[in-house]
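Here's the structure we're looking at; comments come further down.
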Amino acid sequence: MKVGLVVILFLLATVISSLLSRVVPGLPRPLVQIALGSAIGSLSTWYITLDPHLFFLMIVPPLLFYDGWRLPFSPESCYSFLPCIADLANLTALINFGTNWTCRDTASQSDIFDMKAACGLSNTSSSLPSK
């Protein structure tokens, strides 16, 4: 019941922020939404632990849909982003490579077995339960 009320409150705050940003044209909508969110958070007496699954279900898909909706559809404009995409892909690969290389050098073999034991995995290769 509390989650449903929070979702309705989020939707109501979104509608209010949209109306406020239309009434005051110079006021950006994200600032209104941040202000409303902080006001709701400071005035509320509820303590709600936000489940990451709920966050990814309620917040991220509308943002991705909106960004996808605004993408240009002409091939010329899509190709203009190619250098930026290639630079970000290379940077991500370098960061991933550096992080994995650093972690590989610092972790010893006993640490890996301790991590397996902490996760409930056995050190043997057999995954069948013993009788």
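Here, A, B, ... name the chains of the structure tokens in the order displayed, residue numbers run from 1 inside each chain, and ligands are numbered from 1 in the same displayed order.
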Item to check | Long-range neighbours of region 37-49 of chain A as a PyMOL selection string, 10 Å cut-off, only C-alpha atoms, 6 positions minimum in chain | outcome: chain A and resi 2-3+6+9-10+13-14+17+31
Checklist entry - Quick one: distance from CA of Leu57 (chain A) to CA of Leu5 (chain A) in Å, one decimal? => result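 Straight-line distance from CA of Leu57 (chain A) to CA of Leu5 (chain A) works out to 16.1 Å.
The space between CA of Phe55 (chain A) and CA of Leu27 (chain A) spans 26.2 Å.
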Checklist entry - For Val15 (chain A), which residue out of A:Cys78, A:Ala86, A:Leu36, A:Ala93 is the nearest one, using only C-alpha atoms? => result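 Closest candidate: A:Leu36.
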Next on the checklist: Residues of region 21-63 of chain A classed as helix (DSSP H, G or I) by DSSP on the backbone are to be reported as a VMD selection string.
Outcome noted: chain A and resid 21 to 23 29 to 43 52 to 58 60 to 63
